[in-house]
Structures are given as structure tokens and as C-alpha cells.
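J.: Once you've had a glance at the structure underneath, I'll fire off some questions.
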Amino acid sequence: MIDLTTAQNALKDAYLAVACNQLNTKTNPLFAKIKQSSADVYGKQIIKAAPIGLNGGVGAGSETGELPTARGNTYAQFKTSLKNLYGTIEISDKAIRASSNSNGAFVDLLNAEIEGLITASKFNLGRMLYGDGTGVVGKVSSYSNGVATMDSVKNLMEGMVVDVYTSGAKSHSGLRISYVDRVNKTITFETNPSSNLTANDLLYVQGSKDNEITGLGAIFDTTKSLYGLDRTANKWLNPYISSPTSAQEISDSLLQTAVDFLEENAGSTIDFISCGAGVKRAYQQYLACYRRNVDVTELAGGYKAISFNGIPVVSDRFVPDDTLYMLDTSKFTLHQLCDWEWIEGEGGKILRQKAGYPAYTATLVKYADLICDQPNGQAKFTNISSSVTNPFSTTVNVNSSTESA
């Protein structure tokens with residue numbers, strides 16, 4: 001006989017390990033490459049000493065002269081709060097009772113709920129990794145007849161529940177998206193908002209405003225402080241950014257310029273390139289134009305990617321089409337209080353009745369935040385053209401006849 005105890009034991013003993021593995025290794029290639037650690041976690045905060053520059057106690061001298069004066073490492077203190085990452089499943093009492101006499105039906109029930117939770121969690125983790133920590137998933141351009149036109153729908157998905165903020169104040173909460181038109185960049189809600197949305201309204205995942213992990217968006221936003229440090233007073237925090245007003249073409253030379261600069265000035269070693277789909281297509285076109293073989297490399301988690309000088313080049317849906325990141329992933333750590341765990345109630349119960357409803361909920365949680373030890377060792381390119389000029393497309397005269405080179 002299947003009952004709540006059986007369900008709880010299955011969630012704790014069988015499904016937790018699966019969920020942890022999927023979320024830690026299958027979220028996306030970049031997340032799989034970032035190390036995770038419980039070091040530097042103190043209470044509800046992460047406090048980390050980040051070295052700046054070189055040890056000053058080095059020098060040359062005469063055979064009988066004074067030794068170099070000791071000058072130890074210079075450190076800055078990074079400080080950030082652990083972010084609370086949640087994922088909740090809900091199973092109705094009726095569904096549990098209906099499957100109580102069938103092991104197969106019960107397993108199917110739990111499989112469906114866990115798979116749905118993992119899929120949604122991977123989507124949001126991947127989105128947060130490239131976000132700025134504010135939780136913004138889109139900005140309204142216009143609204144008419146229940147349809148909101150957005151500036152972008154990359155971060156939006158059917159089923160997502162969002163809050164809407166107008167001029168910094170919450171104007172709508174708990175709106176669930178029923179349809180995303182990715183061609184026209186519009187969204188429709190399951191239930192029309194009580195009042196119209198307005199231009200420049202911001203959408204956030206429910207309850208997530210200013211509560212998400214410190215993603216790449218925050219690391220490369222040089223207008224804001226980072227890990228409690230003001231960038232004006234700590235200019236070494238600023239990464240390499242190439243953001244010209246006119247479109248720039250992707251090329252090996254462009255990428256190598258950043259690699260060389262970061263190696264010479266920050267001592268970093270770029271080992272991962274992440275870009276928008278448009279940039280990846282442009283780079284593939286560039287390789288084809290120069291008749292070069294496209295090298296493919298295999299990454300942790302089973303992912304495959306093309307490469308630049310042995311560095312994997314991966315496209316990610318959460319990176320704008322004209323943007324490319326060059327990262328030294330050894331400088332990134334996801335500091336966590338613990339790995340994914342079920343929240344346990346009184347008596348160690350995982351499944352708890354939803355107050356006032358004939359249903360039970362279980363919540364997966366992780367307390368963590370992302371820290372980059374060396375922000376100035378990372379690079380970002382924007383406004384990259386989605387196409388490249390083919391140097392072999394011009395016509396030339398050869399022995400008075402016209403041929404295509």
C-alpha cells in the first residue's frame with residue numbers, strides 16, 4: 001500500500017540524488033564547469049578574501065645587502081548574502097490515493113513531478129547564471145487587449161509565474177504566462193491582469209526581485225558595486241569589455257586580443273567562451289569563409305562545442321544574440337551552505353499539507369551565491385555582427401576571363 005510515508009522515503013532516498021546530479025551537471029555547460037564549495041560561508045553570508053596583484057616581498061640585492069622588505073599579499077574582502085533558491089512540487093491527496101494500490105502509477109506520478117521541477121529549476125538556474133541578481137526577466141514595451149509586447153522573451157517561458165513592478169513598486173503579482181510568441185516577442189497570461197500593464201514595467205519571477213544569485217550580468221555591470229565593494233574606489237574589479245557603437249565582426253584576431261590582454265594584465269587563462277546563437281553562427285561562418293576545419297570538443301556533463309584554439313565556444317539561450325563572454329572559470333565558485341536538500345518539517349516530514357487545500361507540497365532548497373575571485377580577468381564583447389564578410393566572394397579577372405575566387 002502506497003502512502004505518504006512511502007512517498008517521503010522515495011523523495012528523500014531516490015529522487016534527491018537524481019535531482020542534485022541533474023541540477024549540478026545538466027543545467028548548462030558553464031554551470032557544470034563551475035566548482036561548488038561550502039568554504040567561506042559564515043552564518044548567512046559568504047565572506048571571502050580576494051587577492052589583489054602580487055606579493056610585495058620580492059626583490060634582488062647585493063651579496064651582503066639587506067633582504068627585501070616583507071610585503072605580503074594585498075586582499076579585498078568580498079561579502080555577499082547566501083541566496084535562497086527554492087523549487088516546490090505539489091501532489092494532490094486524490095492523486096496519491098488513486099495510485100495507492102499501484103506501484104507503477106505511483107512511480108509515474110513522482111517521476112512526472114520531479115522531472116517538471118528539475119526542468120523548471122534548470123531553466124531558472126541557467127537564467128540566473130547570466131543575470132544581474134535583480135531577477136528581471138523582461139521589460140514591457142507595450143500592452144493591448146491582454147497581450148504584452150516585450151523587449152525580449154529570452155528569459156520567459158510558458159508556465160512561469162511573474163510579478164510586475166511599475167516605477168519600482170509592485171503593481172501585479174502571481175501572473176502566470178500561458179503563451180510566449182517568440183517571433184513577435186509577446187506574452188499572454190492565463191488570467192488577464194486586474195489593470196493594464198504599461199510601457200517600461202518590469203517582470204520578475206515570483207518573489208525573486210533582488211534575491212537571485214550574482215550572475216555575469218552583475219559582474220560586468222561596471223556602474224554598480226560588486227560584493228560590497230565600490231568600483232570607483234576599486235577599479236581592479238572592472239573586467240575587459242569591448243562595446244563599440246558600430247557592429248564588429250567576429251574573428252580569431254578579435255578573440256586573441258582579449259586572451260592576450262587578460263593573460264598579460266590579469267594573469268588569467270581563458271578556458272570557456274559563451275555567446276549568443278547569432279555570434280556562434282557568425283563564428284561558424286567565419287571558419288567556413290577561411291576554409292578552416294571546425295574542431296569539436298566534449299565538455300563535462302556530456303556537452304559538445306566548437307572551439308577556438310582549444311577553448312570551447314558554447315551558445316546559450318540566455319546570452320543576447322550579439323554578445324560573447326570569455327571566462328576563466330577557475331576563478332568562479334558557487335559557495336553554498338549545503339547541496340540541494342528537501343525542507344523538512346516537524347518529525348522530518350518532507351511532504352506537508354497545503355493549508356486549506358487537499359494537497360501536499362515538498363520544497364527543494366539550496367542556499368548559495370556565485371563569486372568570481374578575479375572579475376578583471378574576464379571579458380565581454382557586445383554588438384557583434386551576426387554575419388561576416390567573405391573575403392573570397394569578390395570577382396577577379398584571370399587571363400581576361402572572369403572567375404569567382
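Following the order of the C-alpha cells, first chain is A, next is B, and so on, with residues numbered from 1 inside each chain and ligands from 1 in the order they appear.
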Running DSSP on the backbone, which parts of region 257-379 of chain A land in strand (DSSP E), as a PyMOL selection string?
T.: chain A and resi 272-275+296-298+304-308+311-315+324-327+332-336+341-342+352-353+359-372+379
J.: Residues at most 7 Å from region 81-95 of chain A, counting only C-alpha atoms, excluding those fewer than 2 positions away in the same chain, as a ChimeraX atom specification?
T.: /A:44-46,97-99,113,117,121,211-213,358-369
J.: Those residues you just picked out, can you put them in a file as a compact mmCIF listing (two decimals), in the first residue's frame with N, CA, C and O atoms?
T.:
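Saved as selection.txt:
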# COMPACT_ATOMS: atom_id res chain seq x y z
N LYS A 44 24.82 33.32 7.52
CA LYS A 44 24.01 33.56 6.33
C LYS A 44 24.78 34.30 5.24
O LYS A 44 24.21 34.72 4.24
N GLN A 45 26.10 34.47 5.44
CA GLN A 45 26.88 35.25 4.50
C GLN A 45 28.07 34.48 3.95
O GLN A 45 28.53 33.50 4.56
N ILE A 46 28.54 34.95 2.81
CA ILE A 46 29.81 34.47 2.25
C ILE A 46 30.80 35.61 2.41
O ILE A 46 30.56 36.73 1.95
N ARG A 97 -3.99 8.91 -3.37
CA ARG A 97 -4.92 7.81 -3.06
C ARG A 97 -5.23 6.97 -4.30
O ARG A 97 -5.38 5.75 -4.22
N ALA A 98 -5.31 7.64 -5.47
CA ALA A 98 -5.63 6.92 -6.70
C ALA A 98 -4.52 5.96 -7.10
O ALA A 98 -4.78 4.95 -7.77
N SER A 99 -3.28 6.27 -6.70
CA SER A 99 -2.16 5.41 -7.07
C SER A 99 -1.70 4.52 -5.92
O SER A 99 -0.69 3.84 -6.03
N GLU A 113 6.32 14.72 -11.49
CA GLU A 113 6.51 15.91 -10.65
C GLU A 113 7.98 16.30 -10.55
O GLU A 113 8.33 17.48 -10.65
N LEU A 117 9.90 19.65 -11.93
CA LEU A 117 10.66 20.51 -11.01
C LEU A 117 12.08 20.72 -11.52
O LEU A 117 12.60 21.84 -11.50
N SER A 121 13.75 24.21 -12.66
CA SER A 121 14.90 24.67 -11.87
C SER A 121 16.12 24.89 -12.76
O SER A 121 16.86 25.87 -12.58
N ASN A 211 16.70 39.03 -5.27
CA ASN A 211 17.03 37.87 -4.43
C ASN A 211 17.79 36.77 -5.17
O ASN A 211 17.97 35.69 -4.60
N GLU A 212 18.22 37.03 -6.40
CA GLU A 212 18.85 35.97 -7.17
C GLU A 212 20.37 36.01 -7.05
O GLU A 212 20.95 36.97 -6.53
N ILE A 213 21.03 34.94 -7.52
CA ILE A 213 22.47 34.85 -7.39
C ILE A 213 23.16 35.93 -8.21
O ILE A 213 22.59 36.48 -9.15
N PRO A 358 -6.64 20.21 -0.25
CA PRO A 358 -6.41 18.76 -0.22
C PRO A 358 -5.20 18.38 -1.07
O PRO A 358 -5.32 17.65 -2.07
N ALA A 359 -4.05 18.92 -0.71
CA ALA A 359 -2.84 18.69 -1.49
C ALA A 359 -1.64 18.75 -0.57
O ALA A 359 -1.68 19.32 0.52
N TYR A 360 -0.53 18.13 -1.03
CA TYR A 360 0.70 18.11 -0.27
C TYR A 360 1.82 18.74 -1.10
O TYR A 360 1.87 18.56 -2.32
N THR A 361 2.69 19.47 -0.42
CA THR A 361 3.81 20.12 -1.11
C THR A 361 5.14 19.65 -0.52
O THR A 361 5.22 19.27 0.65
N ALA A 362 6.18 19.69 -1.34
CA ALA A 362 7.55 19.42 -0.90
C ALA A 362 8.44 20.44 -1.58
O ALA A 362 8.25 20.77 -2.77
N THR A 363 9.41 20.97 -0.85
CA THR A 363 10.25 22.06 -1.37
C THR A 363 11.72 21.68 -1.33
O THR A 363 12.26 21.31 -0.29
N LEU A 364 12.36 21.82 -2.49
CA LEU A 364 13.80 21.61 -2.63
C LEU A 364 14.48 22.96 -2.42
O LEU A 364 14.00 23.99 -2.93
N VAL A 365 15.59 22.98 -1.70
CA VAL A 365 16.22 24.27 -1.38
C VAL A 365 17.74 24.18 -1.49
O VAL A 365 18.34 23.12 -1.28
N LYS A 366 18.33 25.31 -1.84
CA LYS A 366 19.79 25.45 -1.83
C LYS A 366 20.10 26.89 -1.45
O LYS A 366 19.51 27.83 -2.01
N TYR A 367 21.02 27.08 -0.50
CA TYR A 367 21.44 28.42 -0.08
C TYR A 367 22.84 28.66 -0.64
O TYR A 367 23.81 28.03 -0.20
N ALA A 368 22.96 29.56 -1.59
CA ALA A 368 24.23 29.71 -2.30
C ALA A 368 24.33 31.07 -2.98
O ALA A 368 23.34 31.79 -3.12
N ASP A 369 25.54 31.41 -3.40
CA ASP A 369 25.75 32.56 -4.28
C ASP A 369 27.04 32.33 -5.06
O ASP A 369 27.92 31.56 -4.64
J.: Quick one: residues within 9 Å of Lys33 (chain A), only C-alpha atoms counted, chain neighbours fewer than 5 positions away excluded, as a PyMOL selection string?
T.: chain A and resi 25+28+272+299-301+329-330
J.: CA of Gly159 (chain A) to CA of Tyr179 (chain A): how many Å, to one decimal?
T.: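 Atom-to-atom, CA of Gly159 (chain A) to CA of Tyr179 (chain A), that is 8.1 Å.
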J.: For Tyr130 (chain A), list every protein, DNA or RNA residue within 12 Å, evaluated using only C-alpha atoms, and leave out those in the same chain fewer than 2 positions away; present the list as a PyMOL selection string.
T.: chain A and resi 28+30-31+123-128+132-137+154-155+212-221+274-276+316-320+323-325+370
J.: Find the residues near Arg281 (chain A): any atom within 8 Å, counting only C-alpha atoms, skip ones fewer than 4 places away on the same chain, and give them as JSON, numbers by chain.
T.: {"A": [277, 285, 386, 387]}
J.: Tell me, as an MDAnalysis selection string, which residues lie within 9 Å of Ser144 (chain A), counting only C-alpha atoms; anything in the same chain fewer than 4 positions away does not count.
T.: chainID A and resid 148:149 196:197
J.: For CA of Asn293 (chain A) and CA of Thr389 (chain A), quote the distance in Å rounded to one decimal.
T.: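 Atom-to-atom, CA of Asn293 (chain A) to CA of Thr389 (chain A), that is 18.2 Å.
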J.: Any chance you could list, as an NGL selection string, the residues in region 82-318 of chain A that come up helix (DSSP H, G or I) when DSSP is run on the backbone?
T.: :A and (93-98 or 103-130 or 216-219 or 235-237 or 252-265 or 277-289)
J.: Now that the selection is made, can you save its residues with C-alpha atoms as a PDB file, in the first residue's frame?
T.:
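Resulting contents of result19.pdb:
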ATOM      1  CA  ASP A  93      -4.370  13.932  -1.978  1.00  0.00           C
ATOM      2  CA  LYS A  94      -6.609  12.443  -4.652  1.00  0.00           C
ATOM      3  CA  ALA A  95      -3.636  11.563  -6.875  1.00  0.00           C
ATOM      4  CA  ILE A  96      -1.842   9.822  -4.006  1.00  0.00           C
ATOM      5  CA  ARG A  97      -4.922   7.812  -3.059  1.00  0.00           C
ATOM      6  CA  ALA A  98      -5.631   6.921  -6.696  1.00  0.00           C
ATOM      7  CA  ASN A 103       3.458   0.914  -7.645  1.00  0.00           C
ATOM      8  CA  GLY A 104       3.736   1.767 -11.333  1.00  0.00           C
ATOM      9  CA  ALA A 105       1.156   4.559 -11.140  1.00  0.00           C
ATOM     10  CA  PHE A 106       2.824   5.966  -8.029  1.00  0.00           C
ATOM     11  CA  VAL A 107       6.272   5.981  -9.655  1.00  0.00           C
ATOM     12  CA  ASP A 108       4.831   7.673 -12.748  1.00  0.00           C
ATOM     13  CA  LEU A 109       3.249  10.307 -10.515  1.00  0.00           C
ATOM     14  CA  LEU A 110       6.504  11.122  -8.710  1.00  0.00           C
ATOM     15  CA  ASN A 111       8.556  10.937 -11.916  1.00  0.00           C
ATOM     16  CA  ALA A 112       6.333  13.498 -13.602  1.00  0.00           C
ATOM     17  CA  GLU A 113       6.505  15.913 -10.654  1.00  0.00           C
ATOM     18  CA  ILE A 114      10.270  15.607 -10.179  1.00  0.00           C
ATOM     19  CA  GLU A 115      11.013  15.927 -13.902  1.00  0.00           C
ATOM     20  CA  GLY A 116       8.870  19.062 -14.044  1.00  0.00           C
ATOM     21  CA  LEU A 117      10.656  20.509 -11.014  1.00  0.00           C
ATOM     22  CA  ILE A 118      14.105  19.739 -12.433  1.00  0.00           C
ATOM     23  CA  THR A 119      13.262  21.222 -15.839  1.00  0.00           C
ATOM     24  CA  ALA A 120      11.967  24.452 -14.296  1.00  0.00           C
ATOM     25  CA  SER A 121      14.902  24.671 -11.874  1.00  0.00           C
ATOM     26  CA  LYS A 122      17.495  24.165 -14.631  1.00  0.00           C
ATOM     27  CA  PHE A 123      15.853  26.881 -16.706  1.00  0.00           C
ATOM     28  CA  ASN A 124      15.937  29.370 -13.838  1.00  0.00           C
ATOM     29  CA  LEU A 125      19.451  28.449 -12.700  1.00  0.00           C
ATOM     30  CA  GLY A 126      20.736  28.934 -16.232  1.00  0.00           C
ATOM     31  CA  ARG A 127      18.933  32.258 -16.471  1.00  0.00           C
ATOM     32  CA  MET A 128      20.290  33.451 -13.102  1.00  0.00           C
ATOM     33  CA  LEU A 129      23.838  32.493 -14.078  1.00  0.00           C
ATOM     34  CA  TYR A 130      23.777  35.138 -16.818  1.00  0.00           C
ATOM     35  CA  LEU A 216      27.576  37.519 -15.075  1.00  0.00           C
ATOM     36  CA  GLY A 217      25.250  40.479 -15.601  1.00  0.00           C
ATOM     37  CA  ALA A 218      26.278  41.860 -12.200  1.00  0.00           C
ATOM     38  CA  ILE A 219      29.980  41.090 -12.674  1.00  0.00           C
ATOM     39  CA  LYS A 235      38.912  49.871 -10.348  1.00  0.00           C
ATOM     40  CA  TRP A 236      40.682  46.488 -10.412  1.00  0.00           C
ATOM     41  CA  LEU A 237      37.188  44.965 -10.199  1.00  0.00           C
ATOM     42  CA  ASP A 252      40.194  34.766 -34.260  1.00  0.00           C
ATOM     43  CA  SER A 253      42.175  38.006 -34.038  1.00  0.00           C
ATOM     44  CA  LEU A 254      39.404  39.728 -32.073  1.00  0.00           C
ATOM     45  CA  LEU A 255      39.233  36.873 -29.584  1.00  0.00           C
ATOM     46  CA  GLN A 256      43.005  36.546 -29.318  1.00  0.00           C
ATOM     47  CA  THR A 257      43.291  40.248 -28.453  1.00  0.00           C
ATOM     48  CA  ALA A 258      41.251  39.642 -25.296  1.00  0.00           C
ATOM     49  CA  VAL A 259      43.108  36.425 -24.445  1.00  0.00           C
ATOM     50  CA  ASP A 260      46.475  38.185 -24.716  1.00  0.00           C
ATOM     51  CA  PHE A 261      45.356  41.220 -22.723  1.00  0.00           C
ATOM     52  CA  LEU A 262      43.939  39.133 -19.886  1.00  0.00           C
ATOM     53  CA  GLU A 263      46.976  36.858 -19.732  1.00  0.00           C
ATOM     54  CA  GLU A 264      49.389  39.809 -19.652  1.00  0.00           C
ATOM     55  CA  ASN A 265      47.461  42.122 -17.338  1.00  0.00           C
ATOM     56  CA  ALA A 277      23.282  31.978 -31.014  1.00  0.00           C
ATOM     57  CA  GLY A 278      23.868  34.757 -33.567  1.00  0.00           C
ATOM     58  CA  VAL A 279      27.523  35.076 -32.571  1.00  0.00           C
ATOM     59  CA  LYS A 280      28.082  31.324 -32.758  1.00  0.00           C
ATOM     60  CA  ARG A 281      26.601  31.196 -36.271  1.00  0.00           C
ATOM     61  CA  ALA A 282      28.798  34.150 -37.284  1.00  0.00           C
ATOM     62  CA  TYR A 283      31.901  32.370 -35.958  1.00  0.00           C
ATOM     63  CA  GLN A 284      30.990  29.195 -37.826  1.00  0.00           C
ATOM     64  CA  GLN A 285      30.543  31.302 -40.959  1.00  0.00           C
ATOM     65  CA  TYR A 286      33.934  32.915 -40.330  1.00  0.00           C
ATOM     66  CA  LEU A 287      35.598  29.487 -40.092  1.00  0.00           C
ATOM     67  CA  ALA A 288      33.852  28.368 -43.278  1.00  0.00           C
ATOM     68  CA  CYS A 289      34.952  31.520 -45.136  1.00  0.00           C
TER      69      CYS A 289
END
